[in-house]
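Participant: Contents of final-v1.tsv (TSV, C-alpha atoms and all ligand atoms) are given next:
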```tsv
chain	number	residue	atom	x	y	z
A	1253	MET	CA	-11.86	-3.54	-14.31
A	1254	ILE	CA	-9.69	-0.82	-12.79
A	1255	THR	CA	-7.11	0.66	-15.17
A	1256	MET	CA	-4.65	3.56	-14.80
A	1257	LYS	CA	-7.30	6.09	-15.84
A	1258	ASN	CA	-9.22	5.24	-12.65
A	1259	ILE	CA	-6.20	6.01	-10.46
A	1260	ILE	CA	-6.08	9.62	-9.29
A	1261	ARG	CA	-2.77	11.49	-9.25
A	1262	GLU	CA	-1.07	14.14	-7.14
A	1263	GLY	CA	-3.13	17.33	-7.02
A	1264	ASN	CA	-6.42	15.49	-6.51
A	1265	ASP	CA	-7.64	16.49	-3.03
A	1266	THR	CA	-8.89	12.97	-2.25
A	1267	LEU	CA	-5.23	11.86	-1.98
A	1268	ARG	CA	-4.70	14.31	0.89
A	1269	ALA	CA	-7.98	13.64	2.74
A	1270	GLU	CA	-8.57	11.57	5.87
A	1271	ALA	CA	-10.57	8.61	4.56
A	1272	LYS	CA	-13.84	7.62	6.24
A	1273	LYS	CA	-13.88	4.51	8.47
A	1274	ALA	CA	-15.91	1.69	6.94
A	1275	THR	CA	-19.01	0.37	8.69
A	1276	PHE	CA	-20.13	-3.24	8.43
A	1277	PRO	CA	-21.75	-4.86	6.59
A	1278	LEU	CA	-19.99	-3.26	3.63
A	1279	SER	CA	-22.29	-2.24	0.80
A	1280	GLU	CA	-22.40	-4.34	-2.36
A	1281	GLU	CA	-20.59	-1.46	-4.07
A	1282	GLN	CA	-17.80	-1.43	-1.46
A	1283	GLN	CA	-17.40	-5.21	-1.70
A	1284	GLN	CA	-17.21	-4.95	-5.50
A	1285	LEU	CA	-14.59	-2.20	-5.17
A	1286	ALA	CA	-12.47	-4.42	-2.89
A	1287	HIS	CA	-12.62	-7.19	-5.48
A	1288	ASP	CA	-11.73	-4.80	-8.31
A	1289	MET	CA	-8.76	-3.39	-6.37
A	1290	MET	CA	-7.29	-6.84	-5.72
A	1291	GLU	CA	-7.95	-7.77	-9.36
A	1292	PHE	CA	-6.02	-4.64	-10.41
A	1293	LEU	CA	-2.99	-5.74	-8.38
A	1294	GLU	CA	-3.11	-9.24	-9.88
A	1295	ASN	CA	-3.45	-7.81	-13.40
A	1296	SER	CA	-0.66	-5.30	-12.81
A	1297	GLN	CA	1.70	-8.08	-11.75
A	1298	ASP	CA	0.95	-10.19	-14.86
A	1299	PRO	CA	3.33	-9.01	-17.63
A	1300	GLU	CA	0.91	-9.86	-20.45
A	1301	ILE	CA	-2.19	-8.26	-18.87
A	1302	ALA	CA	-0.16	-5.28	-17.64
A	1303	GLU	CA	1.19	-4.68	-21.14
A	1304	LYS	CA	-2.21	-5.16	-22.81
A	1305	TYR	CA	-3.93	-2.65	-20.50
A	1306	HIS	CA	-0.89	-0.39	-19.86
A	1307	LEU	CA	-0.95	-1.03	-16.10
A	1308	ARG	CA	1.84	0.07	-13.74
A	1309	ALA	CA	2.76	-2.78	-11.40
A	1310	GLY	CA	1.85	-2.42	-7.77
A	1311	VAL	CA	1.68	-4.53	-4.62
A	1312	GLY	CA	-0.80	-2.27	-2.86
A	1313	LEU	CA	-3.76	-0.06	-3.79
A	1314	ALA	CA	-5.81	2.08	-1.39
A	1315	ALA	CA	-9.42	3.14	-2.04
A	1316	PRO	CA	-8.54	6.87	-2.01
A	1317	GLN	CA	-6.31	6.17	-5.04
A	1318	VAL	CA	-9.43	5.33	-7.02
A	1319	ASP	CA	-11.14	8.42	-5.60
A	1320	VAL	CA	-13.10	6.58	-2.89
A	1321	SER	CA	-12.35	8.12	0.50
A	1322	LEU	CA	-12.86	4.93	2.53
A	1323	GLN	CA	-10.46	3.15	4.90
A	1324	MET	CA	-9.87	0.10	2.72
A	1325	ALA	CA	-6.77	-1.12	0.86
A	1326	ALA	CA	-5.83	-4.17	-1.17
A	1327	VAL	CA	-2.36	-5.65	-0.59
A	1328	LEU	CA	-0.83	-8.40	-2.76
A	1329	VAL	CA	2.85	-9.06	-2.07
A	1330	PRO	CA	4.03	-11.94	-4.25
A	1331	SER	CA	6.64	-14.43	-3.06
A	1332	GLU	CA	10.05	-14.51	-4.76
A	1333	ASP	CA	9.51	-18.01	-6.15
A	1334	GLY	CA	6.02	-17.41	-7.52
A	1335	THR	CA	4.29	-19.76	-5.08
A	1336	ALA	CA	1.74	-18.49	-2.53
A	1337	PRO	CA	1.93	-14.70	-2.01
A	1338	LEU	CA	3.83	-13.38	1.01
A	1339	PHE	CA	0.73	-11.38	1.95
A	1340	LYS	CA	-2.66	-11.09	0.24
A	1341	GLU	CA	-5.46	-9.30	2.04
A	1342	THR	CA	-7.97	-6.49	1.84
A	1343	ILE	CA	-7.41	-4.49	5.02
A	1344	VAL	CA	-10.34	-2.42	6.30
A	1345	ASN	CA	-10.02	0.20	9.08
A	1346	PRO	CA	-6.38	-0.87	9.65
A	1347	VAL	CA	-4.52	0.35	12.75
A	1348	ILE	CA	-0.87	-0.24	13.65
A	1349	ILE	CA	-1.19	-1.12	17.34
A	1350	SER	CA	2.53	-1.63	18.01
A	1351	HIS	CA	5.79	-1.55	16.10
A	1352	SER	CA	9.54	-2.10	16.34
A	1353	VAL	CA	11.86	0.73	17.25
A	1354	GLN	CA	14.03	-0.51	14.40
A	1355	GLY	CA	13.26	1.14	11.09
A	1356	ALA	CA	13.54	-0.15	7.55
A	1357	ALA	CA	13.50	1.32	4.06
A	1358	LEU	CA	13.43	-0.12	0.54
A	1359	SER	CA	16.95	0.17	-0.88
A	1360	GLU	CA	15.56	1.55	-4.18
A	1361	GLY	CA	13.13	3.94	-2.56
A	1362	GLU	CA	9.36	3.76	-3.03
A	1363	GLY	CA	7.09	4.23	-6.01
A	1364	CYS	CA	3.39	5.08	-5.96
A	1365	LEU	CA	0.73	4.58	-8.63
A	1366	SER	CA	-0.58	8.06	-7.85
A	1367	VAL	CA	2.83	9.73	-8.27
A	1368	ASP	CA	3.97	9.97	-11.90
A	1369	ARG	CA	7.56	10.82	-11.09
A	1370	ASP	CA	10.57	9.32	-9.39
A	1371	VAL	CA	11.14	10.77	-5.93
A	1372	SER	CA	14.39	9.30	-4.65
A	1373	GLY	CA	15.35	8.79	-1.06
A	1374	TYR	CA	14.89	6.34	1.77
A	1375	VAL	CA	11.33	6.15	3.12
A	1376	VAL	CA	12.14	5.00	6.65
A	1377	ARG	CA	9.26	3.04	8.16
A	1378	HIS	CA	8.85	0.55	11.05
A	1379	ASP	CA	10.54	-2.76	10.18
A	1380	ARG	CA	7.98	-4.78	12.15
A	1381	ILE	CA	4.37	-3.92	12.94
A	1382	THR	CA	1.43	-5.45	14.74
A	1383	LEU	CA	-1.57	-4.63	12.56
A	1384	ARG	CA	-5.21	-4.77	13.59
A	1385	TYR	CA	-7.65	-4.70	10.68
A	1386	TYR	CA	-11.03	-6.03	9.57
A	1387	ASP	CA	-11.57	-8.24	6.54
A	1388	LEU	CA	-14.44	-7.85	4.09
A	1389	GLU	CA	-16.75	-9.89	6.33
A	1390	GLY	CA	-16.03	-7.61	9.27
A	1391	THR	CA	-13.92	-10.17	11.12
A	1392	GLN	CA	-11.19	-8.54	13.19
A	1393	HIS	CA	-7.60	-9.71	12.68
A	1394	LYS	CA	-4.42	-8.93	14.60
A	1395	ILE	CA	-1.26	-9.94	12.73
A	1396	ARG	CA	2.48	-9.25	12.86
A	1397	LEU	CA	4.28	-8.27	9.67
A	1398	LYS	CA	7.94	-7.52	8.98
A	1399	ASN	CA	10.15	-6.17	6.18
A	1400	TYR	CA	8.58	-5.79	2.70
A	1401	PRO	CA	4.96	-6.71	3.59
A	1402	ALA	CA	5.18	-4.39	6.61
A	1403	ILE	CA	6.48	-1.53	4.44
A	1404	VAL	CA	3.76	-2.03	1.83
A	1405	CYS	CA	1.01	-2.02	4.48
A	1406	GLN	CA	2.42	1.17	6.03
A	1407	HIS	CA	2.47	2.80	2.57
A	1408	GLU	CA	-1.19	1.85	2.01
A	1409	ILE	CA	-2.31	2.87	5.53
A	1410	ASP	CA	-0.65	6.25	4.91
A	1411	HIS	CA	-2.96	6.73	1.89
A	1412	LEU	CA	-5.98	6.36	4.20
A	1413	HIS	CA	-4.70	9.36	6.18
A	1414	GLY	CA	-3.71	11.57	3.23
A	1415	VAL	CA	0.03	10.84	3.57
A	1416	LEU	CA	2.26	10.16	0.54
A	1417	PHE	CA	5.58	8.28	0.68
A	1418	TYR	CA	7.74	11.31	-0.06
A	1419	ASP	CA	6.32	13.11	3.00
A	1420	HIS	CA	8.69	10.82	4.94
A	1421	ILE	CA	11.83	11.66	2.92
A	1422	ASP	CA	14.31	14.07	4.50
A	1423	HIS	CA	15.13	16.02	1.35
A	1424	ASP	CA	18.28	17.49	2.94
A	1425	HIS	CA	19.63	13.99	3.68
A	1426	PRO	CA	17.49	11.66	1.51
A	1427	PHE	CA	19.73	8.61	1.98
A	1428	THR	CA	20.52	9.03	5.64
A	1429	MET	CA	19.09	6.64	8.16
A	1430	GLN	CA	19.85	5.46	11.70
A	1431	ASP	CA	22.65	2.90	12.03
A	1432	GLU	CA	20.26	0.30	13.38
A	1433	ASP	CA	17.72	0.77	10.56
A	1434	LEU	CA	17.50	-1.93	7.90
A	1435	VAL	CA	17.81	-1.41	4.12
A	1436	ILE	CA	15.55	-3.90	2.34
A	1437	ASP	CA	16.22	-5.16	-1.20
A	1501	LIG	C1	11.55	4.78	-6.90
A	1501	LIG	N1	12.01	3.42	-6.86
A	1501	LIG	C2	11.14	2.40	-7.00
A	1501	LIG	O1	9.94	2.56	-7.07
A	1501	LIG	C3	11.73	1.06	-6.96
A	1501	LIG	C4	12.71	0.70	-7.89
A	1501	LIG	C5	13.25	-0.61	-7.84
A	1501	LIG	C6	12.82	-1.53	-6.88
A	1501	LIG	C7	11.84	-1.17	-5.94
A	1501	LIG	C8	11.43	-2.16	-4.88
A	1501	LIG	C9	11.30	0.14	-5.97
A	1501	LIG	N2	10.29	0.54	-5.09
A	1501	LIG	C10	9.02	0.02	-5.16
A	1501	LIG	N3	8.78	-0.97	-6.06
A	1501	LIG	C11	7.53	-1.49	-6.04
A	1501	LIG	N4	7.25	-2.52	-6.90
A	1501	LIG	C12	8.34	-3.28	-7.46
A	1501	LIG	C13	7.98	-3.95	-8.75
A	1501	LIG	N5	6.73	-4.72	-8.58
A	1501	LIG	C14	6.42	-5.62	-9.66
A	1501	LIG	C15	6.83	-5.32	-10.97
A	1501	LIG	C16	6.51	-6.18	-12.01
A	1501	LIG	C17	5.77	-7.36	-11.78
A	1501	LIG	C18	5.38	-7.67	-10.47
A	1501	LIG	C19	5.70	-6.80	-9.43
A	1501	LIG	CL1	5.20	-7.20	-7.81
A	1501	LIG	C20	5.61	-3.93	-8.11
A	1501	LIG	C21	5.95	-3.21	-6.83
A	1501	LIG	N6	6.54	-1.05	-5.24
A	1501	LIG	C22	6.87	-0.06	-4.38
A	1501	LIG	N7	5.93	0.35	-3.53
A	1501	LIG	C23	6.25	1.19	-2.37
A	1501	LIG	S1	5.25	0.49	-1.07
A	1501	LIG	C24	3.92	0.21	-2.22
A	1501	LIG	C25	4.65	-0.32	-3.46
A	1501	LIG	C26	3.83	-0.14	-4.73
A	1501	LIG	O2	2.98	-0.96	-5.01
A	1501	LIG	N8	4.12	0.94	-5.49
A	1501	LIG	C27	3.41	1.11	-6.72
A	1501	LIG	N9	8.09	0.52	-4.32
```
Would you mind giving the structure from this file in C-alpha cells?
Ligand SMILES: CNC(=O)c1cccc(C)c1Nc1nc(N2CCN(c3ccccc3Cl)CC2)nc(N2CSC[C@H]2C(=O)NC)n1

Facilitator:
Amino acid sequence: MITMKNIIREGNDTLRAEAKKATFPLSEEQQQLAHDMMEFLENSQDPEIAEKYHLRAGVGLAAPQVDVSLQMAAVLVPSEDGTAPLFKETIVNPVIISHSVQGAALSEGEGCLSVDRDVSGYVVRHDRITLRYYDLEGTQHKIRLKNYPAIVCQHEIDHLHGVLFYDHIDHDHPFTMQDEDLVID
C-alpha cells in the first residue's frame, strides 16, 4: 500500500518535470500503481485507516507524487452525504479541451500532499472544464466538470506538467480575484 513515505515532497525534481504520456496497453506495473493510488485516497479519507497509517487526507494523487513521471492521476471526490462519490476516476493523458471564462477558487486555499506547509491564498482555476482523458483500459472519455471536482482535476493535471498549486497564487494580492470568479466552500 502507498503511505506518506512513498509521497515525494518539494525539492524532488520529479515534482517539477513534465510527465511522460502513457501508452496503451498499460503495463501490469502501471495498472497496479493506478490501483494503489486510488486505494491510498480511499484509505486517506477513512479516519481509522488514516490514523493507523498516519495518512494525510487527499482527494487526488498524481503519479509524479509517488516518483513515477507518467501522465496518470487518481481522483476520488466524496459526496457530502457519504453516498456515491462526486467523481471517482483514474485519468490518463488528461487534456482540458475547453473551459469557462469564469474562475473559481477554494475559499480555504489548497493543500497538497507533496507540500508540507500551509501556503495561503486563492488558487484561481477554471470553474468549469471539458476534460478529455483515457481510462485504464485505454477508452477515451470526454466529460464536463464544475466546481470542486473541476478544481481537483486541474490540481492533479498541473502535477503532470510540473506545476504546483502555489505557482498560481499572486503573492502580492493572495486573496484578490475577479468579481465574476466564484469562491467555493
Ligand atoms: C490550505 N488550506 C487547505 O488545504 C484547506 C483547508 C480547509 C478546507 C479546504 C477545502 C482546504 N483545501 C483543500 N482541502 C482538501 N481536502 C479537504 C479535506 N479532505 C478530507 C479530510 C478528511 C477526510 C476526508 C476528506 Cl475528503 C481531503 C481534501 N484538499 C485540497 N486539495 C486541493 S485540490 C487537491 C486537494 C487535495 O487532495 N489536497 C491534498 N485542498

Participant: I'd like the neighbourhood of Phe1427 (chain A) as a list of chain:residue names, where a residue qualifies if any of its atoms comes within 9 Å (using all atoms listed in the file), though same-chain residues fewer than 4 positions away should be ignored.

Facilitator: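 My reading of the contact set: A:Ser1372, A:Gly1373, A:Tyr1374, A:Val1375, A:Ile1421, A:Asp1422, A:His1423.
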
Participant: Nearest residue to Arg1396 (chain A) out of A:Leu1328, A:Ala1315, A:Leu1383, A:Leu1416, using only C-alpha atoms?

Facilitator: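 Closest residue, counting only C-alpha atoms: A:Leu1383.
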
Participant: Please provide as number ranges by chain all residues within 9 Å of Gln1323 (chain A), with the sequence filter that same-chain residues fewer than 2 positions apart are discarded (counting all atoms listed in the file).

Facilitator: A: 1270-1274, 1314-1316, 1320-1321, 1325, 1343-1346, 1409, 1411-1413

Participant: With a cut-off of 8 Å, could you pull out the residues of region 1300-1366 of chain A touching region 1257-1265 of chain A and give me the nearest pair of atoms for each, distance in Å to one decimal, using all atoms listed in the file, ordered by chain and ascending number, as JSON lines?

Facilitator:
```
{"residue": "A:Gln1317", "atom": "CA", "partner": "A:Ile1259", "partner_atom": "CA", "distance": 5.4}
{"residue": "A:Val1318", "atom": "CA", "partner": "A:Ile1259", "partner_atom": "CA", "distance": 4.8}
{"residue": "A:Asp1319", "atom": "CA", "partner": "A:Ile1260", "partner_atom": "CA", "distance": 6.4}
{"residue": "A:Leu1365", "atom": "CA", "partner": "A:Ile1259", "partner_atom": "CA", "distance": 7.3}
{"residue": "A:Ser1366", "atom": "CA", "partner": "A:Arg1261", "partner_atom": "CA", "distance": 4.3}
```

Participant: Taking into account all atoms listed in the file, which residue in the set A:Glu1291, A:Ile1254, A:Gly1310, A:Ile1348 is nearest to Tyr1385 (chain A)?

Facilitator: A:Ile1348

Participant: Expressed in Å to a single decimal, how great is the separation between CA of Asp1298 (chain A) and CA of Leu1313 (chain A)?

Facilitator: 15.7 Å

Participant: State, in Å with one decimal place, the distance from CA of Leu1358 (chain A) to CA of Ala1336 (chain A).

Facilitator: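 Spanning CA of Leu1358 (chain A) to CA of Ala1336 (chain A) is a straight-line distance of 22.0 Å.
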
Participant: So, with all atoms listed in the file as the atoms that count, which of A:Gly1414, A:Pro1426, A:Pro1401, A:Gly1390 lies closest to ligand LIG 1501 (chain A)?

Facilitator: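 Of A:Gly1414, A:Pro1426, A:Pro1401, A:Gly1390, the one nearest ligand LIG 1501 (chain A), counting all atoms listed in the file, is A:Pro1401.
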
Participant: Using all atoms listed in the file for the distances, tell me which of A:Phe1292, A:Ser1352, A:Ile1381, A:Ile1436 is nearest to Lys1394 (chain A).

Facilitator: A:Ile1381
